[in-house]
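Please read the structure below before turning to the comments.
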Amino acid sequence: MEDANVNLRITVDGQVLELSQAGPIGRDVLAAVGADPDERDVLIRIDGGWARLVAPSDPVVGLDGEAHFRVHRNGTLRHVRVDDSVWEWGAPGIQEHDIRAIAGIPEERQLFQAGGSALRPGEVVDLTVDWVPKIESRPDMAGSLTVPVVVNGRRQSLATADVSFEDLIGLAYPNVPAVGQSMFTVTYRHGPLDRPEGSLAPSQRLRAVNGVVFNVTATNKS
């Protein structure tokens with residue numbers, strides 16, 4: 001039993017790593033990705049169906065030999081209730097798709113904020129309010145929802161929150177093939193919390209959120 005955590009496989013912000021030392025603690029996980037609790041970097045564990053804080057001195061024990069985490073740089077601990085569990089989070093908001101992924105909530109169920117309407121795909125729940133927001137999952141009675149975005153100044157509705165470079169070219173230039181004599185540049189702002197602005201390269205995808213603004217430009221090759 002003493003060697004149970006040797007070569008523990010961890011995933012931090014999507015990056016797969018291994019911790020070779022026995023008995024790793026939260027500080028070891030942070031150090032593995034260049035984070036530091038002394039800089040207020042917050043480590044959140046996201047496996048097991050809920051999100052919870054891992055303190056720097058807390059031991060890290062794998063679930064089926066693995067452990068999954070999210071790091072919030074210079075974060076502040078906040079709370080949200082998802083169904084019957086109170087979660088801990090290190091960012092000012094949590095996205096709808098993060099709640100689904102962590103809790104294992106299927107697309108057949110809608111997420112509702114208590115006292116409000118259904119969350120749209122990619123919508124952000126504000127955790128800076130003076131109360132603990134409550135999110136409830138219920139059967140989807142209204143069919144699939146769309147994600148409202150802006151592409152080159154025009155409002156569009158995406159059927160899915162996972163949008164690609166090529167998808168955006170098709171929305172911006174429906175009559176121009178994605179391959180040929182043109183090269184395209186795709187930039188965005190008001191994106192997801194972990195990537196609020198930036199650009200996309202061919203074949204890259206982005207998890208779109210409500211209100212993200214895309215700018216797609218085409219320049220003919222000389």
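Note on naming: chains are A, B, ... as they come in the structure tokens, residues start from 1 per chain, ligands start from 1 in the order shown.
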
Distance query stretch 113-120 of chain A at most 10 Å, only C-alpha atoms, self and fewer than 2 positions along chain excluded, as a count of residues only:
27

As an MDAnalysis selection string, which residues of stretch 23-208 of chain A does DSSP assign to strand (DSSP E)?
chainID A and resid 42:45 52:53 66:72 78:82 85:89 93:95 109:113 124:126 134:139 147:151 154:158 162:164 182:189 198:200 205:207

Could you give me, as a ChimeraX atom specification, the residues within 12 Å of A:Glu39, counting only C-alpha atoms and dropping anything in the same chain fewer than 5 positions from it?
/A:27,30-31,34,56,72-76

Using N, CA, C and O atoms, can you export the residues from the last selection as a short mmCIF file (atom, residue, chain, number, x, y, z; two decimals), in the first residue's frame?
data_model
loop_
_atom_site.label_atom_id
_atom_site.label_comp_id
_atom_site.auth_asym_id
_atom_site.auth_seq_id
_atom_site.Cartn_x
_atom_site.Cartn_y
_atom_site.Cartn_z
N ARG A 27 0.95 20.65 -3.33
CA ARG A 27 2.07 21.49 -3.79
C ARG A 27 2.84 20.81 -4.92
O ARG A 27 3.33 21.47 -5.83
N LEU A 30 0.89 21.37 -8.18
CA LEU A 30 1.08 22.74 -8.65
C LEU A 30 2.47 22.91 -9.26
O LEU A 30 2.63 23.51 -10.33
N ALA A 31 3.49 22.37 -8.58
CA ALA A 31 4.87 22.52 -9.08
C ALA A 31 5.05 21.85 -10.43
O ALA A 31 5.84 22.30 -11.26
N GLY A 34 4.28 24.38 -12.96
CA GLY A 34 4.86 25.71 -12.77
C GLY A 34 4.00 26.67 -11.99
O GLY A 34 4.18 27.88 -12.07
N PRO A 56 -2.20 23.02 -0.44
CA PRO A 56 -0.81 22.62 -0.75
C PRO A 56 -0.32 21.42 0.04
O PRO A 56 0.47 20.62 -0.47
N HIS A 72 -6.20 27.50 -11.09
CA HIS A 72 -6.62 28.88 -11.29
C HIS A 72 -5.52 29.79 -10.79
O HIS A 72 -5.24 29.85 -9.60
N ARG A 73 -4.85 30.46 -11.73
CA ARG A 73 -3.73 31.32 -11.39
C ARG A 73 -4.23 32.57 -10.67
O ARG A 73 -5.17 33.22 -11.10
N ASN A 74 -3.56 32.89 -9.57
CA ASN A 74 -3.92 34.07 -8.76
C ASN A 74 -5.42 34.06 -8.49
O ASN A 74 -6.12 35.06 -8.67
N GLY A 75 -5.91 32.91 -8.06
CA GLY A 75 -7.35 32.74 -7.91
C GLY A 75 -7.87 33.09 -6.53
O GLY A 75 -7.11 33.36 -5.59
N THR A 76 -9.19 33.09 -6.41
CA THR A 76 -9.89 33.30 -5.14
C THR A 76 -10.92 32.20 -4.99
O THR A 76 -11.67 31.94 -5.92
#

Among the residues of stretch 116-193 of chain A, find those DSSP assigns to alpha helix (DSSP H) from the backbone and print them as a VMD selection string.
chain A and resid 165 to 172

Keeping only N, CA and C atoms, write those residues as an mmCIF file, in the first residue's frame.
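part.cif written:
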data_model
loop_
_atom_site.group_PDB
_atom_site.id
_atom_site.type_symbol
_atom_site.label_atom_id
_atom_site.label_comp_id
_atom_site.auth_asym_id
_atom_site.auth_seq_id
_atom_site.Cartn_x
_atom_site.Cartn_y
_atom_site.Cartn_z
ATOM 1 N N PHE A 165 -12.111 26.371 -36.744
ATOM 2 C CA PHE A 165 -11.614 27.382 -37.682
ATOM 3 C C PHE A 165 -12.396 27.310 -38.992
ATOM 4 N N GLU A 166 -12.573 26.096 -39.505
ATOM 5 C CA GLU A 166 -13.266 25.907 -40.781
ATOM 6 C C GLU A 166 -14.749 26.261 -40.682
ATOM 7 N N ASP A 167 -15.379 25.943 -39.535
ATOM 8 C CA ASP A 167 -16.780 26.313 -39.343
ATOM 9 C C ASP A 167 -16.970 27.825 -39.452
ATOM 10 N N LEU A 168 -16.049 28.562 -38.847
ATOM 11 C CA LEU A 168 -16.168 30.018 -38.817
ATOM 12 C C LEU A 168 -15.960 30.625 -40.200
ATOM 13 N N ILE A 169 -15.050 30.035 -40.974
ATOM 14 C CA ILE A 169 -14.877 30.501 -42.349
ATOM 15 C C ILE A 169 -16.178 30.309 -43.123
ATOM 16 N N GLY A 170 -16.812 29.159 -42.940
ATOM 17 C CA GLY A 170 -18.065 28.895 -43.633
ATOM 18 C C GLY A 170 -19.169 29.860 -43.236
ATOM 19 N N LEU A 171 -19.194 30.284 -41.949
ATOM 20 C CA LEU A 171 -20.201 31.244 -41.512
ATOM 21 C C LEU A 171 -19.929 32.642 -42.069
ATOM 22 N N ALA A 172 -18.648 33.024 -42.098
ATOM 23 C CA ALA A 172 -18.285 34.367 -42.545
ATOM 24 C C ALA A 172 -18.320 34.500 -44.056
#

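Among the candidates A:Gly104, A:Arg9, A:Arg52, A:Gly23, the residue lying nearest to A:Gly65 is A:Arg9 (atoms considered: only C-alpha atoms).
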
Compile the contact shell of A:Gly93 as a ChimeraX atom specification: residues with an atom at most 9 Å away, counting only C-alpha atoms, same-chain residues fewer than 3 positions apart removed.
/A:78,89-90,124-128,193

Between A:Val212, A:Val29, A:Val80, A:Leu206, which has the minimum distance to A:Asp130 (counting only C-alpha atoms)?
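Using only C-alpha atoms, A:Asp130 sits closest to A:Val80.
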
Rank nothing, just name the residue among A:Thr217, A:His79, A:Val132, A:Ala22 nearest to A:Asn152, using only C-alpha atoms.
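Nearest to A:Asn152: A:Thr217.
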
Expressed in Å to a single decimal, how great is the separation between atom CA of A:Ser203 and atom CA of A:Ala101?
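Between these atoms lies a distance of 22.8 Å.
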
Write out as a PyMOL selection string the residues lying within 12 Å of A:Ser199, counting only C-alpha atoms and excluding same-chain residues fewer than 6 positions away.
chain A and resi 164-165+168+184-191+205-206+213-217

For the residues in the current selection, export N, CA and C atoms as a PDB file, in the first residue's frame.
ATOM      1  N   SER A 164     -15.069  25.152 -34.990  1.00  0.00           N
ATOM      2  CA  SER A 164     -13.729  25.028 -35.565  1.00  0.00           C
ATOM      3  C   SER A 164     -13.389  26.245 -36.424  1.00  0.00           C
ATOM      4  N   PHE A 165     -12.111  26.371 -36.744  1.00  0.00           N
ATOM      5  CA  PHE A 165     -11.614  27.382 -37.682  1.00  0.00           C
ATOM      6  C   PHE A 165     -12.396  27.310 -38.992  1.00  0.00           C
ATOM      7  N   LEU A 168     -16.049  28.562 -38.847  1.00  0.00           N
ATOM      8  CA  LEU A 168     -16.168  30.018 -38.817  1.00  0.00           C
ATOM      9  C   LEU A 168     -15.960  30.625 -40.200  1.00  0.00           C
ATOM     10  N   PHE A 184      -7.045  32.587 -44.596  1.00  0.00           N
ATOM     11  CA  PHE A 184      -7.955  33.198 -43.645  1.00  0.00           C
ATOM     12  C   PHE A 184      -7.281  33.403 -42.295  1.00  0.00           C
ATOM     13  N   THR A 185      -7.724  34.436 -41.601  1.00  0.00           N
ATOM     14  CA  THR A 185      -7.299  34.689 -40.225  1.00  0.00           C
ATOM     15  C   THR A 185      -8.550  34.751 -39.360  1.00  0.00           C
ATOM     16  N   VAL A 186      -8.535  34.014 -38.254  1.00  0.00           N
ATOM     17  CA  VAL A 186      -9.676  33.994 -37.340  1.00  0.00           C
ATOM     18  C   VAL A 186      -9.201  34.456 -35.965  1.00  0.00           C
ATOM     19  N   THR A 187      -9.770  35.536 -35.488  1.00  0.00           N
ATOM     20  CA  THR A 187      -9.487  36.009 -34.133  1.00  0.00           C
ATOM     21  C   THR A 187     -10.797  36.098 -33.362  1.00  0.00           C
ATOM     22  N   TYR A 188     -10.705  36.183 -32.045  1.00  0.00           N
ATOM     23  CA  TYR A 188     -11.920  36.253 -31.233  1.00  0.00           C
ATOM     24  C   TYR A 188     -11.653  37.015 -29.933  1.00  0.00           C
ATOM     25  N   ARG A 189     -12.727  37.492 -29.328  1.00  0.00           N
ATOM     26  CA  ARG A 189     -12.684  38.119 -28.004  1.00  0.00           C
ATOM     27  C   ARG A 189     -13.963  37.774 -27.250  1.00  0.00           C
ATOM     28  N   HIS A 190     -13.968  38.015 -25.958  1.00  0.00           N
ATOM     29  CA  HIS A 190     -15.085  37.634 -25.084  1.00  0.00           C
ATOM     30  C   HIS A 190     -15.295  36.124 -25.118  1.00  0.00           C
ATOM     31  N   GLY A 191     -14.193  35.366 -25.207  1.00  0.00           N
ATOM     32  CA  GLY A 191     -14.267  33.915 -25.255  1.00  0.00           C
ATOM     33  C   GLY A 191     -14.338  33.284 -23.875  1.00  0.00           C
ATOM     34  N   ARG A 205     -10.053  24.186 -32.694  1.00  0.00           N
ATOM     35  CA  ARG A 205     -11.431  24.362 -32.265  1.00  0.00           C
ATOM     36  C   ARG A 205     -11.452  25.209 -31.002  1.00  0.00           C
ATOM     37  N   LEU A 206     -12.591  25.820 -30.738  1.00  0.00           N
ATOM     38  CA  LEU A 206     -12.782  26.622 -29.534  1.00  0.00           C
ATOM     39  C   LEU A 206     -14.145  26.307 -28.947  1.00  0.00           C
ATOM     40  N   VAL A 213     -17.197  37.039 -29.750  1.00  0.00           N
ATOM     41  CA  VAL A 213     -17.148  37.790 -31.001  1.00  0.00           C
ATOM     42  C   VAL A 213     -15.993  37.272 -31.851  1.00  0.00           C
ATOM     43  N   PHE A 214     -16.302  36.809 -33.057  1.00  0.00           N
ATOM     44  CA  PHE A 214     -15.294  36.301 -33.987  1.00  0.00           C
ATOM     45  C   PHE A 214     -15.090  37.295 -35.121  1.00  0.00           C
ATOM     46  N   ASN A 215     -13.838  37.422 -35.557  1.00  0.00           N
ATOM     47  CA  ASN A 215     -13.521  38.231 -36.719  1.00  0.00           C
ATOM     48  C   ASN A 215     -12.753  37.353 -37.701  1.00  0.00           C
ATOM     49  N   VAL A 216     -13.330  37.145 -38.878  1.00  0.00           N
ATOM     50  CA  VAL A 216     -12.725  36.283 -39.904  1.00  0.00           C
ATOM     51  C   VAL A 216     -12.368  37.160 -41.101  1.00  0.00           C
ATOM     52  N   THR A 217     -11.113  37.166 -41.460  1.00  0.00           N
ATOM     53  CA  THR A 217     -10.667  37.967 -42.607  1.00  0.00           C
ATOM     54  C   THR A 217     -10.011  37.064 -43.640  1.00  0.00           C
TER      55      THR A 217
END

Would you mind reading off the distance between atom CA of A:Asp194 and atom CA of A:Val61, one decimal, in Å?
26.3 Å

From the list A:Leu19, A:Val60, A:Ile94, A:Ala218, which residue is nearest A:Met183 when using only C-alpha atoms?
A:Ala218

Interatomic distance, atom CA of A:Val150 to atom CA of A:Glu197 (Å, one decimal):
13.8 Å
